[in-house]
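*Asks:* My structure is in entry-v8.txt, and what it holds is compact mmCIF, C-alpha atoms and all ligand atoms:
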```txt
# COMPACT_ATOMS: atom_id res chain seq x y z
CA MET A 3 -144.57 123.78 -92.96
CA LYS A 4 -147.90 124.56 -91.33
CA PRO A 5 -150.67 124.52 -93.94
CA GLN A 6 -152.67 127.72 -94.11
CA ILE A 7 -156.31 127.72 -93.08
CA LEU A 8 -158.15 130.06 -95.43
CA GLN A 9 -161.49 131.77 -94.78
CA ASN A 10 -164.65 132.03 -96.88
CA ILE A 11 -163.47 129.97 -99.82
CA SER A 12 -165.83 129.25 -102.71
CA LEU A 13 -166.37 125.51 -103.20
CA LYS A 14 -167.75 125.94 -106.74
CA HIS A 15 -164.67 124.42 -108.33
CA TYR A 16 -164.28 121.80 -105.59
CA ASN A 17 -167.51 119.91 -106.31
CA THR A 18 -168.54 118.41 -109.65
CA PHE A 19 -172.14 119.63 -109.22
CA GLY A 20 -170.61 123.11 -109.43
CA ILE A 21 -172.65 124.29 -106.44
CA ASP A 22 -171.56 127.81 -105.56
CA CYS A 23 -171.31 127.70 -101.79
CA THR A 24 -168.53 128.67 -99.44
CA ALA A 25 -166.48 127.00 -96.75
CA LYS A 26 -166.03 129.22 -93.71
CA ASN A 27 -162.62 127.58 -93.22
CA PHE A 28 -160.66 125.63 -95.82
CA VAL A 29 -157.29 123.96 -95.81
CA GLU A 30 -155.45 121.75 -98.30
CA VAL A 31 -153.09 119.13 -96.89
CA LYS A 32 -150.37 117.61 -99.07
CA THR A 33 -148.65 115.34 -96.55
CA VAL A 34 -149.66 113.21 -93.58
CA ASP A 35 -147.65 115.52 -91.30
CA GLU A 36 -149.65 118.51 -92.54
CA LEU A 37 -152.86 116.60 -91.86
CA LYS A 38 -151.64 115.78 -88.33
CA THR A 39 -150.87 119.45 -87.70
CA ILE A 40 -154.37 120.39 -88.82
CA LEU A 41 -155.97 117.71 -86.65
CA GLU A 42 -154.05 119.07 -83.65
CA ILE A 43 -155.44 122.54 -84.41
CA VAL A 44 -158.94 121.07 -84.78
CA GLU A 45 -158.58 119.56 -81.30
CA GLN A 46 -157.74 122.97 -79.83
CA GLU A 47 -160.16 125.17 -81.77
CA ASN A 48 -163.84 124.56 -81.74
CA TYR A 49 -164.88 124.05 -85.36
CA PRO A 50 -168.57 123.13 -85.45
CA SER A 51 -167.73 120.34 -87.91
CA ILE A 52 -165.06 119.16 -90.30
CA PHE A 53 -165.51 117.74 -93.77
CA ILE A 54 -162.92 115.69 -95.67
CA LEU A 55 -162.96 116.57 -99.33
CA GLY A 56 -161.44 114.55 -102.14
CA GLY A 57 -162.42 115.41 -105.70
CA GLY A 58 -165.93 116.52 -104.67
CA SER A 59 -167.53 114.17 -107.20
CA ASN A 60 -169.89 112.45 -104.80
CA VAL A 61 -171.06 115.27 -102.60
CA LEU A 62 -173.96 117.71 -102.64
CA PHE A 63 -173.55 120.80 -100.48
CA LEU A 64 -176.98 122.09 -99.42
CA LYS A 65 -175.66 125.36 -98.00
CA ASN A 66 -172.49 127.19 -97.01
CA PHE A 67 -170.26 125.01 -94.83
CA ASP A 68 -169.75 126.50 -91.39
CA GLY A 69 -166.85 124.38 -90.20
CA LEU A 70 -163.48 123.38 -91.68
CA VAL A 71 -163.13 121.67 -95.05
CA ILE A 72 -159.92 119.62 -95.26
CA LYS A 73 -159.00 118.98 -98.89
CA ASN A 74 -156.99 115.78 -99.03
CA SER A 75 -154.15 116.17 -101.55
CA ILE A 76 -151.75 113.56 -100.15
CA THR A 77 -150.25 111.98 -103.26
CA GLY A 78 -147.65 109.38 -104.22
CA ILE A 79 -147.69 105.83 -105.60
CA GLN A 80 -145.20 103.27 -104.28
CA LYS A 81 -144.48 99.60 -104.91
CA VAL A 82 -144.78 97.69 -101.61
CA ASP A 83 -144.14 94.11 -102.67
CA GLU A 84 -144.35 91.83 -105.68
CA ASN A 85 -143.95 88.26 -106.85
CA ASN A 86 -144.33 86.65 -110.27
CA GLU A 87 -148.10 86.93 -110.25
CA ASN A 88 -149.04 89.97 -108.16
CA ILE A 89 -147.94 93.41 -107.12
CA ILE A 90 -148.92 95.39 -104.05
CA LEU A 91 -149.11 99.15 -104.63
CA TYR A 92 -149.68 101.90 -102.07
CA ALA A 93 -151.32 105.11 -103.27
CA GLY A 94 -151.85 108.33 -101.32
CA ALA A 95 -155.49 109.19 -100.66
CA GLY A 96 -155.29 112.41 -102.65
CA GLU A 97 -154.13 110.72 -105.87
CA ASN A 98 -156.60 111.19 -108.69
CA TRP A 99 -158.34 107.83 -109.17
CA HIS A 100 -158.19 107.75 -112.97
CA GLN A 101 -154.51 108.78 -112.97
CA PHE A 102 -153.89 105.82 -110.66
CA VAL A 103 -155.77 103.57 -113.10
CA LEU A 104 -153.65 104.89 -115.99
CA PHE A 105 -150.47 104.24 -113.98
CA CYS A 106 -151.57 100.62 -113.47
CA LEU A 107 -152.49 100.14 -117.13
CA LYS A 108 -149.17 101.60 -118.31
CA ASN A 109 -147.39 98.99 -116.18
CA ASN A 110 -149.81 96.19 -117.15
CA TYR A 111 -151.14 95.77 -113.59
CA GLY A 112 -154.65 94.30 -113.80
CA GLY A 113 -157.72 94.75 -111.62
CA VAL A 114 -158.60 98.42 -112.08
CA GLU A 115 -159.45 98.48 -115.81
CA ASN A 116 -163.25 98.29 -115.36
CA LEU A 117 -163.04 101.22 -112.95
CA SER A 118 -161.48 103.53 -115.56
CA LEU A 119 -162.60 107.16 -115.69
CA ILE A 120 -164.46 107.20 -112.37
CA PRO A 121 -163.92 110.73 -111.06
CA GLY A 122 -162.50 111.44 -107.62
CA THR A 123 -159.62 110.37 -105.46
CA VAL A 124 -158.03 107.11 -104.31
CA GLY A 125 -159.01 107.90 -100.70
CA ALA A 126 -162.72 108.14 -101.43
CA ALA A 127 -162.74 104.90 -103.45
CA PRO A 128 -162.91 102.52 -100.44
CA MET A 129 -165.21 104.90 -98.57
CA GLN A 130 -167.86 104.42 -101.28
CA ASN A 131 -166.62 101.03 -102.47
CA ILE A 132 -166.74 102.45 -105.99
CA GLY A 133 -167.87 100.09 -108.67
CA ALA A 134 -168.60 99.85 -112.37
CA TYR A 135 -169.13 97.18 -115.02
CA GLY A 136 -169.09 94.22 -112.65
CA VAL A 137 -166.07 95.23 -110.54
CA GLU A 138 -165.91 96.94 -107.14
CA VAL A 139 -162.83 98.43 -105.55
CA ARG A 140 -163.16 95.92 -102.70
CA ASN A 141 -161.96 93.28 -105.17
CA ILE A 142 -158.49 94.87 -105.23
CA VAL A 143 -158.13 96.69 -101.89
CA LYS A 144 -155.66 94.87 -99.62
CA ARG A 145 -155.92 97.30 -96.71
CA VAL A 146 -156.59 100.96 -96.00
CA LYS A 147 -154.33 103.29 -94.01
CA VAL A 148 -156.18 105.75 -91.81
CA ILE A 149 -155.49 108.39 -89.21
CA ASP A 150 -157.68 108.63 -86.15
CA ARG A 151 -159.13 112.14 -86.08
CA LYS A 152 -158.87 112.50 -82.31
CA THR A 153 -155.71 110.62 -81.35
CA GLN A 154 -153.85 111.11 -84.66
CA GLU A 155 -152.80 107.48 -84.42
CA GLN A 156 -152.17 105.85 -87.81
CA LEU A 157 -153.51 102.36 -88.35
CA TRP A 158 -154.32 99.82 -91.02
CA ILE A 159 -157.84 98.57 -91.68
CA SER A 160 -157.86 95.20 -93.45
CA ASN A 161 -160.15 94.45 -96.36
CA SER A 162 -162.51 92.42 -94.20
CA GLU A 163 -162.54 95.10 -91.46
CA CYS A 164 -163.65 97.63 -94.10
CA LYS A 165 -167.03 95.80 -94.17
CA PHE A 166 -167.50 96.59 -97.82
CA GLY A 167 -171.02 96.50 -99.22
CA TYR A 168 -172.78 97.96 -102.22
CA ARG A 169 -171.46 101.57 -102.29
CA SER A 170 -170.74 101.33 -98.60
CA SER A 171 -168.03 100.58 -96.07
CA ILE A 172 -167.21 101.12 -92.42
CA PHE A 173 -165.87 104.57 -93.42
CA LYS A 174 -169.31 105.65 -94.58
CA HIS A 175 -171.12 104.32 -91.53
CA GLN A 176 -169.70 103.06 -88.20
CA ALA A 177 -166.35 104.92 -88.54
CA LYS A 178 -167.67 107.95 -90.47
CA ASP A 179 -166.35 110.62 -88.12
CA LYS A 180 -163.52 108.58 -86.67
CA TYR A 181 -160.99 108.04 -89.45
CA ILE A 182 -159.53 109.92 -92.38
CA ILE A 183 -158.16 107.69 -95.12
CA ILE A 184 -154.56 108.65 -95.89
CA GLY A 185 -153.66 105.88 -98.33
CA VAL A 186 -154.74 102.57 -99.81
CA GLU A 187 -152.85 99.36 -100.56
CA PHE A 188 -154.02 97.49 -103.66
CA ARG A 189 -153.30 93.93 -104.75
CA LEU A 190 -153.10 93.80 -108.56
CA THR A 191 -152.22 91.12 -111.08
CA LYS A 192 -149.07 91.19 -113.20
CA LYS A 193 -150.21 88.33 -115.43
CA ASN A 194 -153.17 85.95 -115.77
CA HIS A 195 -155.41 88.98 -115.32
CA ILE A 196 -158.93 88.22 -114.13
CA LEU A 197 -160.99 89.87 -116.86
CA ASN A 198 -164.58 90.93 -116.42
CA THR A 199 -166.23 91.56 -119.77
CA SER A 200 -169.66 90.19 -118.96
CA TYR A 201 -171.42 93.52 -119.44
CA GLY A 202 -173.08 93.64 -122.86
CA ALA A 203 -171.90 97.20 -123.47
CA ILE A 204 -168.26 96.16 -122.91
CA GLN A 205 -168.63 93.25 -125.30
CA ASN A 206 -170.14 95.50 -127.99
CA SER A 207 -167.39 98.01 -127.54
CA LEU A 208 -164.72 95.29 -127.74
CA HIS A 209 -166.29 93.99 -130.95
CA ALA A 210 -165.87 97.46 -132.36
CA LEU A 211 -162.11 97.08 -131.74
CA ASN A 212 -162.20 94.21 -134.27
CA LEU A 213 -161.16 91.55 -131.79
CA GLN A 214 -161.48 88.02 -133.15
CA ALA A 215 -164.21 85.92 -131.48
CA ASN A 216 -161.81 83.84 -129.39
CA GLN A 217 -159.19 86.53 -128.84
CA THR A 218 -158.70 87.61 -125.21
CA PRO A 219 -158.78 91.38 -124.80
CA THR A 220 -155.94 93.13 -122.99
CA ILE A 221 -156.63 95.17 -119.85
CA ASN A 222 -155.87 98.29 -121.91
CA GLN A 223 -158.54 97.31 -124.44
CA ILE A 224 -161.08 96.75 -121.67
CA SER A 225 -160.22 100.15 -120.19
CA LYS A 226 -160.61 101.75 -123.62
CA ALA A 227 -164.03 100.09 -124.02
CA VAL A 228 -165.13 101.29 -120.57
CA ILE A 229 -163.96 104.84 -121.30
CA GLU A 230 -165.86 104.88 -124.61
CA ILE A 231 -169.07 103.69 -122.97
CA ARG A 232 -168.78 106.17 -120.10
CA GLN A 233 -168.07 109.09 -122.43
CA SER A 234 -171.09 108.23 -124.56
CA LYS A 235 -173.49 107.76 -121.64
CA LEU A 236 -172.53 110.07 -118.81
CA PRO A 237 -172.52 113.87 -118.84
CA ASN A 238 -169.07 115.35 -118.32
CA PRO A 239 -169.16 117.39 -115.08
CA LYS A 240 -166.89 119.96 -116.75
CA GLU A 241 -169.77 120.66 -119.16
CA ILE A 242 -172.86 119.98 -117.00
CA GLY A 243 -172.54 119.86 -113.22
CA ASN A 244 -173.44 116.45 -111.78
CA GLY A 245 -172.32 113.88 -109.24
CA GLY A 246 -172.82 110.68 -111.25
CA SER A 247 -175.63 108.36 -110.14
CA PHE A 248 -177.65 110.26 -107.57
CA PHE A 249 -179.40 107.17 -106.17
CA LYS A 250 -178.31 103.64 -105.38
CA ASN A 251 -180.05 100.77 -107.13
CA PRO A 252 -182.58 99.53 -104.57
CA GLU A 253 -182.40 95.96 -103.33
CA ILE A 254 -185.89 94.63 -102.64
CA PRO A 255 -187.37 91.30 -101.48
CA SER A 256 -187.65 88.98 -104.51
CA SER A 257 -191.30 88.32 -103.53
CA GLN A 258 -192.01 92.06 -103.93
CA PHE A 259 -190.19 92.01 -107.28
CA GLU A 260 -192.38 89.13 -108.53
CA LYS A 261 -195.53 91.05 -107.57
CA LEU A 262 -194.24 94.16 -109.35
CA LYS A 263 -193.45 92.07 -112.43
CA ASN A 264 -197.11 91.11 -112.70
CA LYS A 265 -198.07 94.76 -112.67
CA PHE A 266 -195.11 96.12 -114.69
CA PRO A 267 -194.03 93.27 -117.02
CA THR A 268 -191.00 95.18 -118.38
CA ILE A 269 -189.46 95.81 -114.94
CA VAL A 270 -185.80 94.80 -114.82
CA GLY A 271 -184.27 92.95 -111.87
CA TYR A 272 -180.97 91.24 -111.03
CA PRO A 273 -181.10 88.55 -108.34
CA ILE A 274 -178.55 89.20 -105.57
CA SER A 275 -179.61 86.07 -103.68
CA GLU A 276 -182.74 83.94 -103.58
CA GLU A 277 -184.41 86.51 -101.34
CA ILE A 278 -183.10 89.80 -102.74
CA THR A 279 -183.40 91.37 -106.19
CA LYS A 280 -181.64 94.56 -107.31
CA VAL A 281 -183.69 96.93 -109.47
CA PRO A 282 -182.03 99.66 -111.58
CA ALA A 283 -182.98 103.00 -110.04
CA GLY A 284 -182.58 104.66 -113.46
CA TRP A 285 -185.36 102.48 -114.90
CA LEU A 286 -187.72 103.29 -112.02
CA ILE A 287 -187.06 107.03 -112.36
CA GLU A 288 -187.50 106.89 -116.13
CA GLN A 289 -190.87 105.12 -115.73
CA CYS A 290 -192.01 108.02 -113.54
CA GLY A 291 -191.39 110.36 -116.49
CA TRP A 292 -188.32 112.17 -115.16
CA LYS A 293 -185.81 111.39 -117.91
CA GLY A 294 -184.77 114.65 -119.59
CA LYS A 295 -187.16 116.70 -117.44
CA VAL A 296 -185.87 120.18 -116.58
CA VAL A 297 -186.99 121.74 -113.31
CA GLY A 298 -185.70 125.31 -112.92
CA ASN A 299 -181.90 125.11 -112.91
CA THR A 300 -181.86 121.36 -112.40
CA GLY A 301 -183.15 118.19 -113.99
CA ALA A 302 -182.70 114.49 -114.66
CA HIS A 303 -180.26 114.00 -117.54
CA LYS A 304 -181.67 113.24 -120.99
CA ASN A 305 -179.52 110.12 -121.50
CA GLN A 306 -179.44 108.84 -117.94
CA ALA A 307 -182.35 109.64 -115.60
CA LEU A 308 -180.29 108.55 -112.59
CA VAL A 309 -177.95 111.49 -113.05
CA LEU A 310 -179.34 114.75 -111.66
CA VAL A 311 -177.72 117.82 -113.14
CA ASN A 312 -177.06 121.47 -112.48
CA TYR A 313 -177.87 123.39 -115.68
CA GLY A 314 -176.29 126.58 -114.39
CA ASN A 315 -176.71 128.26 -111.10
CA ALA A 316 -178.65 125.65 -109.15
CA LYS A 317 -178.40 125.77 -105.38
CA GLY A 318 -177.75 122.51 -103.55
CA GLU A 319 -181.22 122.76 -102.02
CA GLU A 320 -182.83 122.88 -105.49
CA ILE A 321 -181.15 119.64 -106.53
CA TRP A 322 -182.05 118.05 -103.21
CA ASN A 323 -185.70 119.12 -103.61
CA LEU A 324 -185.78 117.54 -107.06
CA ALA A 325 -184.22 114.37 -105.64
CA LYS A 326 -186.92 114.22 -102.94
CA GLU A 327 -189.68 114.68 -105.54
CA ILE A 328 -188.19 111.86 -107.61
CA GLN A 329 -187.91 109.67 -104.52
CA LYS A 330 -191.58 110.28 -103.72
CA SER A 331 -192.84 109.56 -107.21
CA VAL A 332 -190.88 106.27 -107.35
CA PHE A 333 -192.31 105.28 -103.98
CA ASP A 334 -195.87 106.24 -105.01
CA LYS A 335 -195.67 104.21 -108.23
CA PHE A 336 -193.64 101.18 -107.16
CA GLY A 337 -193.62 101.19 -103.35
CA ILE A 338 -189.80 101.23 -103.49
CA THR A 339 -187.65 103.67 -101.53
CA ILE A 340 -184.59 104.81 -103.45
CA GLU A 341 -181.71 106.07 -101.30
CA PRO A 342 -179.11 108.64 -102.35
CA GLU A 343 -175.67 107.36 -103.30
CA ILE A 344 -174.40 110.95 -103.08
CA ASN A 345 -173.17 112.27 -99.71
CA ILE A 346 -175.50 115.08 -98.71
CA VAL A 347 -173.81 117.80 -96.65
CA GLY A 348 -176.42 119.99 -94.97
C1 LIG B 401 -169.70 111.72 -113.87
C2 LIG B 401 -169.55 110.84 -112.66
C3 LIG B 401 -169.52 109.47 -112.81
C4 LIG B 401 -169.39 108.64 -111.69
N1 LIG B 401 -169.36 107.28 -111.88
C5 LIG B 401 -169.22 106.46 -110.81
C6 LIG B 401 -169.16 105.04 -110.99
O1 LIG B 401 -169.21 104.53 -112.11
N2 LIG B 401 -169.06 104.27 -109.90
C7 LIG B 401 -168.98 104.80 -108.65
O2 LIG B 401 -168.87 104.02 -107.69
N3 LIG B 401 -169.00 106.14 -108.45
C8 LIG B 401 -169.13 106.98 -109.49
N4 LIG B 401 -169.18 108.33 -109.30
C9 LIG B 401 -169.11 108.86 -107.94
C10 LIG B 401 -167.69 109.31 -107.49
O3 LIG B 401 -166.85 109.43 -108.58
C11 LIG B 401 -167.09 108.33 -106.48
O4 LIG B 401 -167.93 108.16 -105.37
C12 LIG B 401 -165.71 108.81 -105.98
O5 LIG B 401 -165.11 107.80 -105.22
C13 LIG B 401 -165.78 110.08 -105.15
O6 LIG B 401 -164.46 110.50 -104.94
P1 LIG B 401 -164.13 111.97 -104.48
O7 LIG B 401 -162.69 112.03 -104.16
O8 LIG B 401 -164.61 112.95 -105.47
O9 LIG B 401 -164.98 112.06 -103.13
P2 LIG B 401 -165.70 113.33 -102.51
O10 LIG B 401 -166.92 113.64 -103.32
O11 LIG B 401 -164.75 114.43 -102.28
O12 LIG B 401 -166.16 112.73 -101.12
C14 LIG B 401 -167.13 111.70 -101.07
C15 LIG B 401 -167.28 111.24 -99.62
O13 LIG B 401 -166.07 110.60 -99.20
C16 LIG B 401 -165.52 111.26 -98.07
N5 LIG B 401 -164.07 111.25 -98.25
C17 LIG B 401 -163.37 111.71 -99.31
N6 LIG B 401 -162.06 111.48 -99.14
C18 LIG B 401 -161.92 110.89 -97.93
C19 LIG B 401 -160.82 110.43 -97.16
N7 LIG B 401 -159.57 110.55 -97.60
N8 LIG B 401 -161.05 109.87 -95.94
C20 LIG B 401 -162.32 109.75 -95.47
N9 LIG B 401 -163.41 110.16 -96.15
C21 LIG B 401 -163.22 110.73 -97.36
C22 LIG B 401 -166.10 112.67 -98.11
O14 LIG B 401 -166.12 113.26 -96.81
C23 LIG B 401 -167.49 112.40 -98.64
O15 LIG B 401 -168.35 111.99 -97.62
C24 LIG B 401 -169.29 109.19 -110.40
C25 LIG B 401 -169.31 110.59 -110.25
C26 LIG B 401 -169.43 111.41 -111.37
C27 LIG B 401 -169.43 112.90 -111.19
```
What is this file in structure tokens?
*Replies:*
Amino acid sequence: MKPQILQNISLKHYNTFGIDCTAKNFVEVKTVDELKTILEIVEQENYPSIFILGGGSNVLFLKNFDGLVIKNSITGIQKVDENNENIILYAGAGENWHQFVLFCLKNNYGGVENLSLIPGTVGAAPMQNIGAYGVEVRNIVKRVKVIDRKTQEQLWISNSECKFGYRSSIFKHQAKDKYIIIGVEFRLTKKNHILNTSYGAIQNSLHALNLQANQTPTINQISKAVIEIRQSKLPNPKEIGNGGSFFKNPEIPSSQFEKLKNKFPTIVGYPISEEITKVPAGWLIEQCGWKGKVVGNTGAHKNQALVLVNYGNAKGEEIWNLAKEIQKSVFDKFGITIEPEINIVG
């Protein structure tokens, strides 16, 4: 069946910032065939632009969208292959990410537990190379199935071709307007799970579960710990509109970090290599006095300065203006440019 293209649809409930803007044209696709039909229409009709929407949890709309929003709701999880140690699963791009995580945990498939409760869809996960608590999705992505927007050809992009980096991939840069992700193949463990509990917060949370000192946690326990930490630290978008971390943690030359350490002895840094040090953007923003600050309808959250929030009826522009002010103050104080992690749609 041909999916219906609707006009002037409010996007308020399609983005976790809760920005009340409209899409001039909007369509939801539930199968790859429906997506192909829409792409054929796009080729014939002259939409000024198209935007692929998943869960809307990493996007800030600055104004009404003039083109066509394609909401990807292609679902389904299938087993592709397995042996004693591993399983390969294929998930449709429109699957809810956390539901996919829960499916894996229920079946004792390891690899996704640290990425529990990240909002959004499976399809956006490789686009951003989502990550949390020491794990990135690139660690478990085998390959990504895409459709070429122009030719409608379907092809596989291998893990190495995805060119994954910190919150980045080929889909965010070189191939941004070329491909739409329709599904992802994951390689997960069935036993001998590779656990990552190095984050202090995870260890504390596991202690609270009364695990003995030398007892290995299960992947379900790790997931539970991650969920507890996230729920205590991050504002729930259903209560306060937000898009998670607004900025990426900047990576700066280690020589610059050493100089900053002389001036700001409490500055925190994690060496990425001998030359590069990663600095938590939240710390930098907090030092500039933004934590908990309310500016009109927006602000930096009281528990996590990195999370910019919509306290009610903020326009996308208002949040973006606040972000630019924060960017400037961090640069003025530290000489560091912080870049948005959020996809800005203007
Ligand atoms: C409270 C909160 C906490 C968060 N915590 C984390 C975290 O811990 N770690 C982390 O990495 N992220 C985090 N995020 C950010 C967000 O959850 C992820 O970036 C997520 O992958 C976005 O998925 P989505 O489906 O909502 O994408 P959307 O916001 O809908 O889209 C994001 C971008 O991906 C593109 N896109 C979406 N689907 C496709 C597709 N099928 N094909 C091609 N392009 C596509 C869109 O065009 C857009 O540019 C958090 C967000 C919130 C609100």
*Asks:* If we draw a sphere of 10 Å around (-185.8, 121.9, -107.1), which residues have at least one atom in it when counting all atoms listed in the file? Please report them as JSON, numbers by chain.
*Replies:* {"A": [296, 297, 298, 299, 300, 301, 316, 317, 318, 319, 320, 321, 322, 323, 324, 325, 326, 327]}
*Asks:* Tell me which protein, DNA and RNA residues are within 7 Å of Gly20 of chain A, counting all atoms listed in the file, leaving out same-chain ones fewer than 4 positions away, and put them as a list of chain:residue names.
*Replies:*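 Counting all atoms listed in the file, the residues come to A:Lys14, A:His15, A:Gly243.
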*Asks:* Quick one: write out the picked residues with C-alpha atoms as a PDB file, in the frame of the given file?
*Replies:*
```pdb
ATOM      1  CA  LYS A  14    -167.750 125.940-106.740  1.00  0.00           C
ATOM      2  CA  HIS A  15    -164.670 124.420-108.330  1.00  0.00           C
ATOM      3  CA  GLY A 243    -172.540 119.860-113.220  1.00  0.00           C
TER       4      GLY A 243
END
```
*Asks:* For ligand LIG 401 (chain B), which residue out of A:Ser331, A:Thr33, A:Asn244, A:Asn27 is the nearest one, using only C-alpha atoms and all ligand atoms?
*Replies:*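 Nearest to ligand LIG 401 (chain B): A:Asn244.
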*Asks:* What is the atom CA of Gln258 of chain A to atom CA of Pro342 of chain A distance in Å?
*Replies:*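 Atom CA of Gln258 of chain A sits 21.1 Å away from atom CA of Pro342 of chain A.
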*Asks:* What does the structure give for the distance between atom CA of Val34 of chain A and atom CA of Lys178 of chain A, in Å to one decimal?
*Replies:*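 Atom CA of Lys178 of chain A lies 19.0 Å from atom CA of Val34 of chain A.
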*Asks:* Can you build me a table of segment 38-82 of chain A residues sitting at most 9 Å from segment 111-127 of chain A, with the closest atom pair per residue and its distance in Å to one decimal, using all atoms listed in the file, sorted by chain and residue number, as JSON lines?
*Replies:*
```
{"residue": "A:Leu55", "atom": "CA", "partner": "A:Ala126", "partner_atom": "CA", "distance": 8.7}
{"residue": "A:Gly56", "atom": "CA", "partner": "A:Thr123", "partner_atom": "CA", "distance": 5.6}
{"residue": "A:Gly57", "atom": "CA", "partner": "A:Gly122", "partner_atom": "CA", "distance": 4.4}
{"residue": "A:Gly58", "atom": "CA", "partner": "A:Gly122", "partner_atom": "CA", "distance": 6.8}
{"residue": "A:Ser59", "atom": "CA", "partner": "A:Gly122", "partner_atom": "CA", "distance": 5.7}
{"residue": "A:Asn60", "atom": "CA", "partner": "A:Gly122", "partner_atom": "CA", "distance": 8.0}
{"residue": "A:Asn74", "atom": "CA", "partner": "A:Gly125", "partner_atom": "CA", "distance": 8.3}
{"residue": "A:Ser75", "atom": "CA", "partner": "A:Thr123", "partner_atom": "CA", "distance": 8.9}
```
*Asks:* Report, in Å with one decimal, the straight-line distance from atom C17 of ligand LIG 401 (chain B) to atom CA of Asn315 of chain A.
*Replies:*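 Atom-to-atom, atom C17 of ligand LIG 401 (chain B) and atom CA of Asn315 of chain A are spaced 24.3 Å apart.
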*Asks:* With distances taken over all atoms listed in the file, which of A:Asn10, A:Ser234, A:Asn85, A:Thr220 is nearest to ligand LIG 401 (chain B)?
*Replies:* A:Ser234
*Asks:* Write out as a count of residues only the residues lying within 9 Å of Glu84 of chain A, counting all atoms listed in the file and excluding same-chain residues fewer than 6 positions away.
*Replies:* 3
*Asks:* Measuring between only C-alpha atoms, which one of A:Leu197, A:Pro237, A:Tyr181, A:Ile269 shows the shortest distance to Thr218 of chain A?
*Replies:* A:Leu197
*Asks:* Excluding Tyr49 of chain A and residues on its chain fewer than 6 positions from it, collect all residues at most 9 Å away from it, counting all atoms listed in the file, and give them as a list of chain:residue names.
*Replies:* A:Asn27, A:Asp68, A:Gly69, A:Leu70
*Asks:* Give me the box for ligand LIG 401 (chain B) as JSON, namely the centre and edge lengths in Å to one decimal of a box along x, y and z that holds every listed atom plus 6 Å on each side.
*Replies:*
```
{"center_x": -164.6, "center_y": 109.2, "center_z": -104.7, "size_x": 22.1, "size_y": 22.4, "size_z": 30.4}
```
*Asks:* With only C-alpha atoms as the counted atoms, please give the residues lying no more than 9 Å from Gly78 of chain A, apart from itself and same-chain residues fewer than 2 positions off, as a list in words.
*Replies:*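 In the requested format, the answer is Ile76, Gln80, Tyr92, Ala93, Gly94, Ala95, Gly96 and Glu97 of chain A.
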*Asks:* Between A:Gln217, A:Ser200, A:Asn17, A:Thr191, which residue has the minimum interatomic distance to ligand LIG 401 (chain B), considering all atoms listed in the file?
*Replies:*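 Answer, going by the shortest atom-to-atom distance: A:Asn17.
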*Asks:* May I ask which of the residues A:Phe188, A:Phe248, A:Tyr135, A:Phe173 is the closest one to Ile346 of chain A, counting all atoms listed in the file?
*Replies:*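 Nearest candidate to Ile346 of chain A out of A:Phe188, A:Phe248, A:Tyr135, A:Phe173: A:Phe248.
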*Asks:* Quick one: residues within 6 Å of Ile183 of chain A, all atoms listed in the file counted, chain neighbours fewer than 2 positions away excluded, as an mmCIF file with C-alpha atoms, in the coordinates of the input?
*Replies:*
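Saved as around_27.cif:
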```cif
data_model
loop_
_atom_site.group_PDB
_atom_site.id
_atom_site.type_symbol
_atom_site.label_atom_id
_atom_site.label_comp_id
_atom_site.auth_asym_id
_atom_site.auth_seq_id
_atom_site.Cartn_x
_atom_site.Cartn_y
_atom_site.Cartn_z
ATOM 1 C CA GLY A 125 -159.010 107.900 -100.700
ATOM 2 C CA LYS A 147 -154.330 103.290 -94.010
ATOM 3 C CA VAL A 148 -156.180 105.750 -91.810
ATOM 4 C CA GLY A 185 -153.660 105.880 -98.330
#
```
*Asks:* Nearest to ligand LIG 401 (chain B) among A:Arg189, A:Lys235, A:Lys265, A:Arg169, with distances taken over all atoms listed in the file: which residue is it?
*Replies:*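 Smallest separation from ligand LIG 401 (chain B) among the options: A:Arg169.
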